[in-house]
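S.K.: Below is the file upload.pdb, which contains PDB, C-alpha atoms.
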```
ATOM      1  CA  MET A 204      94.008  66.485  52.905  1.00  0.00           C
ATOM      2  CA  LYS A 205      90.781  68.122  54.066  1.00  0.00           C
ATOM      3  CA  LYS A 206      91.820  67.669  57.715  1.00  0.00           C
ATOM      4  CA  LYS A 207      95.201  69.397  57.108  1.00  0.00           C
ATOM      5  CA  ARG A 208      93.458  72.309  55.413  1.00  0.00           C
ATOM      6  CA  LEU A 209      91.073  72.719  58.372  1.00  0.00           C
ATOM      7  CA  ILE A 210      93.975  72.642  60.831  1.00  0.00           C
ATOM      8  CA  ALA A 211      95.872  75.246  58.796  1.00  0.00           C
ATOM      9  CA  MET A 212      92.795  77.498  58.569  1.00  0.00           C
ATOM     10  CA  GLY A 213      92.194  77.139  62.330  1.00  0.00           C
ATOM     11  CA  ALA A 214      95.790  78.121  63.068  1.00  0.00           C
ATOM     12  CA  LEU A 215      95.461  81.134  60.768  1.00  0.00           C
ATOM     13  CA  VAL A 216      92.267  82.275  62.508  1.00  0.00           C
ATOM     14  CA  LEU A 217      93.854  81.916  65.955  1.00  0.00           C
ATOM     15  CA  THR A 218      97.005  83.853  65.048  1.00  0.00           C
ATOM     16  CA  SER A 219      95.153  86.640  63.281  1.00  0.00           C
ATOM     17  CA  SER A 220      92.736  87.128  66.180  1.00  0.00           C
ATOM     18  CA  ALA A 221      95.652  87.303  68.633  1.00  0.00           C
ATOM     19  CA  ALA A 222      97.062  90.207  66.633  1.00  0.00           C
ATOM     20  CA  LEU A 223      93.856  92.173  67.182  1.00  0.00           C
ATOM     21  CA  ALA A 224      94.450  93.253  70.758  1.00  0.00           C
ATOM     22  CA  GLY A 225      92.561  96.533  70.646  1.00  0.00           C
ATOM     23  CA  LEU A 226      93.469 100.096  69.832  1.00  0.00           C
ATOM     24  CA  VAL A 227      96.788 101.413  71.178  1.00  0.00           C
ATOM     25  CA  THR A 228      97.506 105.143  71.081  1.00  0.00           C
ATOM     26  CA  ILE A 229     101.105 106.265  71.454  1.00  0.00           C
ATOM     27  CA  THR A 230     101.053 109.879  72.641  1.00  0.00           C
ATOM     28  CA  PRO A 231     104.580 111.225  73.131  1.00  0.00           C
ATOM     29  CA  VAL A 232     105.137 114.133  75.491  1.00  0.00           C
ATOM     30  CA  SER A 233     104.552 117.575  74.003  1.00  0.00           C
ATOM     31  CA  VAL A 234     105.397 120.834  75.811  1.00  0.00           C
ATOM     32  CA  THR A 235     104.446 124.294  74.570  1.00  0.00           C
ATOM     33  CA  VAL A 236     106.054 127.296  76.270  1.00  0.00           C
ATOM     34  CA  ASN A 237     104.646 130.685  75.311  1.00  0.00           C
ATOM     35  CA  PRO A 238     106.728 133.892  75.080  1.00  0.00           C
ATOM     36  CA  ASP A 239     105.377 135.014  78.483  1.00  0.00           C
ATOM     37  CA  THR A 240     106.582 131.619  79.948  1.00  0.00           C
ATOM     38  CA  SER A 241     103.038 130.291  80.426  1.00  0.00           C
ATOM     39  CA  GLY A 242     102.435 127.002  78.700  1.00  0.00           C
ATOM     40  CA  SER A 243     100.992 123.541  78.554  1.00  0.00           C
ATOM     41  CA  ALA A 244     102.097 119.936  78.369  1.00  0.00           C
ATOM     42  CA  LEU A 245     100.474 116.653  77.449  1.00  0.00           C
ATOM     43  CA  GLY A 246     101.356 113.037  76.848  1.00  0.00           C
ATOM     44  CA  SER A 247     100.787 109.515  78.063  1.00  0.00           C
ATOM     45  CA  MET A 248     102.851 108.095  80.875  1.00  0.00           C
ATOM     46  CA  SER A 249     103.357 104.800  79.047  1.00  0.00           C
ATOM     47  CA  ALA A 250     104.615 106.505  75.863  1.00  0.00           C
ATOM     48  CA  ALA A 251     107.094 108.512  77.917  1.00  0.00           C
ATOM     49  CA  ARG A 252     108.225 105.535  79.984  1.00  0.00           C
ATOM     50  CA  PHE A 253     108.755 103.244  77.014  1.00  0.00           C
ATOM     51  CA  SER A 254     110.211 105.892  74.676  1.00  0.00           C
ATOM     52  CA  LYS A 255     113.557 105.217  73.026  1.00  0.00           C
ATOM     53  CA  ASN A 256     115.212 108.221  74.714  1.00  0.00           C
ATOM     54  CA  ASP A 257     116.308 108.911  78.262  1.00  0.00           C
ATOM     55  CA  VAL A 258     114.893 112.427  78.680  1.00  0.00           C
ATOM     56  CA  GLU A 259     111.150 112.095  78.024  1.00  0.00           C
ATOM     57  CA  TYR A 260     108.821 112.014  81.030  1.00  0.00           C
ATOM     58  CA  ILE A 261     105.496 113.322  82.302  1.00  0.00           C
ATOM     59  CA  GLY A 262     103.759 113.069  85.640  1.00  0.00           C
ATOM     60  CA  CYS A 263     102.360 114.803  88.673  1.00  0.00           C
ATOM     61  CA  GLY A 264     102.839 114.420  92.406  1.00  0.00           C
ATOM     62  CA  VAL A 265     101.688 115.691  95.781  1.00  0.00           C
ATOM     63  CA  ARG A 266     103.838 116.782  98.693  1.00  0.00           C
ATOM     64  CA  ARG A 267     102.751 117.234 102.296  1.00  0.00           C
ATOM     65  CA  ILE A 268     105.199 119.106 104.512  1.00  0.00           C
ATOM     66  CA  ASP A 269     104.791 119.479 108.269  1.00  0.00           C
ATOM     67  CA  THR A 270     106.062 122.970 109.099  1.00  0.00           C
ATOM     68  CA  GLY A 271     105.494 122.575 112.837  1.00  0.00           C
ATOM     69  CA  ALA A 272     102.677 125.095 112.592  1.00  0.00           C
ATOM     70  CA  GLY A 273     100.626 122.889 110.292  1.00  0.00           C
ATOM     71  CA  VAL A 274     100.860 120.820 107.159  1.00  0.00           C
ATOM     72  CA  VAL A 275     101.388 122.488 103.806  1.00  0.00           C
ATOM     73  CA  VAL A 276     100.028 120.527 100.846  1.00  0.00           C
ATOM     74  CA  PHE A 277     100.909 121.276  97.247  1.00  0.00           C
ATOM     75  CA  GLY A 278     100.778 119.467  93.952  1.00  0.00           C
ATOM     76  CA  PHE A 279     103.037 119.721  90.949  1.00  0.00           C
ATOM     77  CA  CYS A 280     103.272 118.456  87.393  1.00  0.00           C
ATOM     78  CA  GLN A 281     106.361 118.155  85.253  1.00  0.00           C
ATOM     79  CA  ALA A 282     107.241 117.040  81.752  1.00  0.00           C
ATOM     80  CA  SER A 283     110.128 116.833  79.323  1.00  0.00           C
ATOM     81  CA  THR A 284     109.924 116.156  75.600  1.00  0.00           C
ATOM     82  CA  ALA A 285     112.379 113.955  73.728  1.00  0.00           C
ATOM     83  CA  ALA A 286     114.134 117.193  72.699  1.00  0.00           C
ATOM     84  CA  GLY A 287     114.437 118.293  76.348  1.00  0.00           C
ATOM     85  CA  VAL A 288     111.764 121.028  76.342  1.00  0.00           C
ATOM     86  CA  LEU A 289     110.608 121.298  79.967  1.00  0.00           C
ATOM     87  CA  GLY A 290     107.283 122.142  81.558  1.00  0.00           C
ATOM     88  CA  PHE A 291     106.563 122.503  85.272  1.00  0.00           C
ATOM     89  CA  CYS A 292     103.857 123.937  87.504  1.00  0.00           C
ATOM     90  CA  SER A 293     102.735 123.736  91.104  1.00  0.00           C
ATOM     91  CA  SER A 294      99.484 124.435  92.917  1.00  0.00           C
ATOM     92  CA  GLU A 295      97.926 124.541  96.369  1.00  0.00           C
ATOM     93  CA  SER A 296      94.389 124.300  94.926  1.00  0.00           C
ATOM     94  CA  PRO A 297      92.581 121.361  96.602  1.00  0.00           C
ATOM     95  CA  ASP A 298      90.600 120.682  93.392  1.00  0.00           C
ATOM     96  CA  LEU A 299      93.720 120.467  91.228  1.00  0.00           C
ATOM     97  CA  ILE A 300      95.501 118.347  93.835  1.00  0.00           C
ATOM     98  CA  ALA A 301      92.494 115.987  93.813  1.00  0.00           C
ATOM     99  CA  SER A 302      92.893 115.643  90.030  1.00  0.00           C
ATOM    100  CA  ILE A 303      96.454 114.426  90.554  1.00  0.00           C
ATOM    101  CA  GLY A 304      95.128 111.651  92.782  1.00  0.00           C
ATOM    102  CA  ASP A 305      92.953 110.411  89.913  1.00  0.00           C
ATOM    103  CA  GLN A 306      95.969 109.578  87.727  1.00  0.00           C
ATOM    104  CA  ASP A 307      96.992 106.000  87.063  1.00  0.00           C
ATOM    105  CA  ASP A 308     100.022 104.167  85.648  1.00  0.00           C
ATOM    106  CA  TYR A 309      98.685 104.430  82.106  1.00  0.00           C
ATOM    107  CA  SER A 310      97.130 107.888  82.272  1.00  0.00           C
ATOM    108  CA  PHE A 311      97.234 110.471  79.541  1.00  0.00           C
ATOM    109  CA  ILE A 312      98.124 113.682  81.392  1.00  0.00           C
ATOM    110  CA  THR A 313      97.620 117.280  80.449  1.00  0.00           C
ATOM    111  CA  PHE A 314      98.459 120.383  82.450  1.00  0.00           C
ATOM    112  CA  SER A 315      98.844 124.105  81.909  1.00  0.00           C
ATOM    113  CA  TRP A 316     100.453 126.944  83.833  1.00  0.00           C
ATOM    114  CA  ASP A 317     100.571 130.717  83.969  1.00  0.00           C
ATOM    115  CA  SER A 318     103.653 132.931  83.690  1.00  0.00           C
ATOM    116  CA  ALA A 319     104.312 132.531  87.443  1.00  0.00           C
ATOM    117  CA  GLY A 320     104.462 128.723  87.111  1.00  0.00           C
ATOM    118  CA  ILE A 321     101.138 128.163  88.885  1.00  0.00           C
ATOM    119  CA  CYS A 322      99.067 125.279  87.527  1.00  0.00           C
ATOM    120  CA  ARG A 323      95.842 126.503  85.923  1.00  0.00           C
ATOM    121  CA  GLY A 324      94.580 123.128  84.776  1.00  0.00           C
ATOM    122  CA  ILE A 325      95.428 119.480  85.427  1.00  0.00           C
ATOM    123  CA  GLY A 326      93.623 116.705  83.626  1.00  0.00           C
ATOM    124  CA  ASN A 327      93.988 113.037  82.906  1.00  0.00           C
ATOM    125  CA  SER A 328      92.366 110.265  81.004  1.00  0.00           C
ATOM    126  CA  THR A 329      92.837 106.597  81.829  1.00  0.00           C
ATOM    127  CA  GLN A 330      91.605 104.393  79.006  1.00  0.00           C
ATOM    128  CA  SER A 331      92.561 101.029  77.578  1.00  0.00           C
ATOM    129  CA  PHE A 332      94.206 102.485  74.486  1.00  0.00           C
ATOM    130  CA  TYR A 333      96.922 104.150  76.592  1.00  0.00           C
ATOM    131  CA  ILE A 334      98.147 100.749  77.819  1.00  0.00           C
ATOM    132  CA  PRO A 335     101.167  99.721  75.719  1.00  0.00           C
ATOM    133  CA  SER A 336     100.791  96.804  73.336  1.00  0.00           C
ATOM    134  CA  LYS A 337     102.332  93.459  74.200  1.00  0.00           C
TER
END
```
Using structure tokens, write down the structure that the file contains.

M.R.:
Amino acid sequence: MKKKRLIAMGALVLTSSAALAGLVTITPVSVTVNPDTSGSALGSMSAARFSKNDVEYIGCGVRRIDTGAGVVVFGFCQASTAAGVLGFCSSESPDLIASIGDQDDYSFITFSWDSAGICRGIGNSTQSFYIPSK
């Protein structure tokens, strides 16, 4: 009887510790567009990717285009909320483009733009709590 109780308690300890897999933060995409068309967006890539809708996304990219007279490099960020509110900006700033290169699969991304659609800030945070739970 004592042996069965110990086995049951051991199983309970093992299953309860497996449930404690660390903090997970679900940060859906949010886009704010101001009356002058400037705005900002934020959200985690994993929350957007694993959302239950087919319109939510967030991310940034870099394009290099050979014009024949030289290579033009620009970065851009784009986002869509579950309701379809869109945010987009682009930039030729080397510092902002470098920030895009720091992003990872599970990054939390934030960006802002002015009324001309030029990125004014691009940030990211890659931490364990942005990785989706099992």

S.K.: Can you spell out as a list in words the set of residues that the PyMOL selection byres ((chain A and resi 232) around 6) selects in the structure I just provided?

M.R.: Pro231, Ser233, Leu245, Gly246 and Thr284 of chain A

S.K.: Anything within 10 Å of (100.8, 111.7, 75.1): list those residues as a ChimeraX atom specification, counting all atoms listed in the file and sticking to the file's coordinates.

M.R.: /A:228-233,244-251,260-261,310-313,333

S.K.: Given the point (95.4, 116.6, 92.3) in the coordinates of this file, which residues lie within 12 Å, counting all atoms listed in the file, and how would they look as a short mmCIF file (atom, residue, chain, number, x, y, z; two decimals) with C-alpha atoms, keeping the file's coordinate frame?

M.R.:
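Result file selection.cif:
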```cif
data_model
loop_
_atom_site.label_atom_id
_atom_site.label_comp_id
_atom_site.auth_asym_id
_atom_site.auth_seq_id
_atom_site.Cartn_x
_atom_site.Cartn_y
_atom_site.Cartn_z
CA GLY A 262 103.76 113.07 85.64
CA CYS A 263 102.36 114.80 88.67
CA GLY A 264 102.84 114.42 92.41
CA VAL A 265 101.69 115.69 95.78
CA ARG A 266 103.84 116.78 98.69
CA VAL A 276 100.03 120.53 100.85
CA PHE A 277 100.91 121.28 97.25
CA GLY A 278 100.78 119.47 93.95
CA PHE A 279 103.04 119.72 90.95
CA CYS A 280 103.27 118.46 87.39
CA SER A 293 102.74 123.74 91.10
CA SER A 294 99.48 124.44 92.92
CA GLU A 295 97.93 124.54 96.37
CA SER A 296 94.39 124.30 94.93
CA PRO A 297 92.58 121.36 96.60
CA ASP A 298 90.60 120.68 93.39
CA LEU A 299 93.72 120.47 91.23
CA ILE A 300 95.50 118.35 93.84
CA ALA A 301 92.49 115.99 93.81
CA SER A 302 92.89 115.64 90.03
CA ILE A 303 96.45 114.43 90.55
CA GLY A 304 95.13 111.65 92.78
CA ASP A 305 92.95 110.41 89.91
CA GLN A 306 95.97 109.58 87.73
CA ASP A 307 96.99 106.00 87.06
CA ILE A 312 98.12 113.68 81.39
CA PHE A 314 98.46 120.38 82.45
CA CYS A 322 99.07 125.28 87.53
CA ARG A 323 95.84 126.50 85.92
CA GLY A 324 94.58 123.13 84.78
CA ILE A 325 95.43 119.48 85.43
CA GLY A 326 93.62 116.70 83.63
CA ASN A 327 93.99 113.04 82.91
#
```

S.K.: For the structure shown, which residues end up in the PyMOL selection byres ((chain A and resi 288) around 10)? Put them as a PDB file with C-alpha atoms, keeping the file's coordinate frame, please?

M.R.:
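Everything below was put into expr.pdb:
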```pdb
ATOM      1  CA  VAL A 232     105.137 114.133  75.491  1.00  0.00           C
ATOM      2  CA  SER A 233     104.552 117.575  74.003  1.00  0.00           C
ATOM      3  CA  VAL A 234     105.397 120.834  75.811  1.00  0.00           C
ATOM      4  CA  THR A 235     104.446 124.294  74.570  1.00  0.00           C
ATOM      5  CA  VAL A 236     106.054 127.296  76.270  1.00  0.00           C
ATOM      6  CA  ALA A 244     102.097 119.936  78.369  1.00  0.00           C
ATOM      7  CA  VAL A 258     114.893 112.427  78.680  1.00  0.00           C
ATOM      8  CA  GLU A 259     111.150 112.095  78.024  1.00  0.00           C
ATOM      9  CA  ALA A 282     107.241 117.040  81.752  1.00  0.00           C
ATOM     10  CA  SER A 283     110.128 116.833  79.323  1.00  0.00           C
ATOM     11  CA  THR A 284     109.924 116.156  75.600  1.00  0.00           C
ATOM     12  CA  ALA A 285     112.379 113.955  73.728  1.00  0.00           C
ATOM     13  CA  ALA A 286     114.134 117.193  72.699  1.00  0.00           C
ATOM     14  CA  GLY A 287     114.437 118.293  76.348  1.00  0.00           C
ATOM     15  CA  LEU A 289     110.608 121.298  79.967  1.00  0.00           C
ATOM     16  CA  GLY A 290     107.283 122.142  81.558  1.00  0.00           C
TER      17      GLY A 290
END
```

S.K.: Any chance you could work out the residue set of the PyMOL selection byres ((chain A and resi 319) around 9) here, as a JSON list (two decimals) with C-alpha atoms, keeping the file's coordinate frame?

M.R.:
```
[["chain", "number", "residue", "atom", "x", "y", "z"],
["A", 240, "THR", "CA", 106.58, 131.62, 79.95],
["A", 241, "SER", "CA", 103.04, 130.29, 80.43],
["A", 292, "CYS", "CA", 103.86, 123.94, 87.50],
["A", 316, "TRP", "CA", 100.45, 126.94, 83.83],
["A", 317, "ASP", "CA", 100.57, 130.72, 83.97],
["A", 318, "SER", "CA", 103.65, 132.93, 83.69],
["A", 320, "GLY", "CA", 104.46, 128.72, 87.11],
["A", 321, "ILE", "CA", 101.14, 128.16, 88.88],
["A", 322, "CYS", "CA", 99.07, 125.28, 87.53]]
```

S.K.: Is it possible to get the axis-aligned box enclosing segment 223-234 of chain A (all listed atoms, 4 Å extra per side) as lines of an AutoDock Vina configuration file, with centre and edge lengths in Å rounded to one decimal?

M.R.:
```
center_x = 99.0
center_y = 106.5
center_z = 71.5
size_x = 20.8
size_y = 36.7
size_z = 16.6
```

S.K.: Quote the spacing between atom CA of Asp257 of chain A and atom CA of Val227 of chain A in Å to one decimal place.

M.R.: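 Separation of atom CA of Asp257 of chain A and atom CA of Val227 of chain A: 22.1 Å.
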
S.K.: Would you compute the distance between atom CA of Ser254 of chain A and atom CA of Gly225 of chain A? Give it in Å to one decimal.

M.R.: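 Atom CA of Gly225 of chain A lies at a distance of 20.4 Å from atom CA of Ser254 of chain A.
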
S.K.: Return the single residue from A:Thr329, A:Tyr309, A:Ile334, A:Phe291 that is closest to Gly242 of chain A, with distances computed using only C-alpha atoms.

M.R.: A:Phe291

S.K.: If you measure from atom CA of Leu226 of chain A to atom CA of Ser243 of chain A, what distance in Å do you get, rounded to one decimal?

M.R.: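 Distance reported for this atom pair: 26.1 Å.
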
S.K.: When distances are computed from all atoms listed in the file, which of A:Gly273, A:Asp308, A:Arg267, A:Gln281 shows the smallest separation from Ser331 of chain A?

M.R.: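 Closest candidate: A:Asp308.
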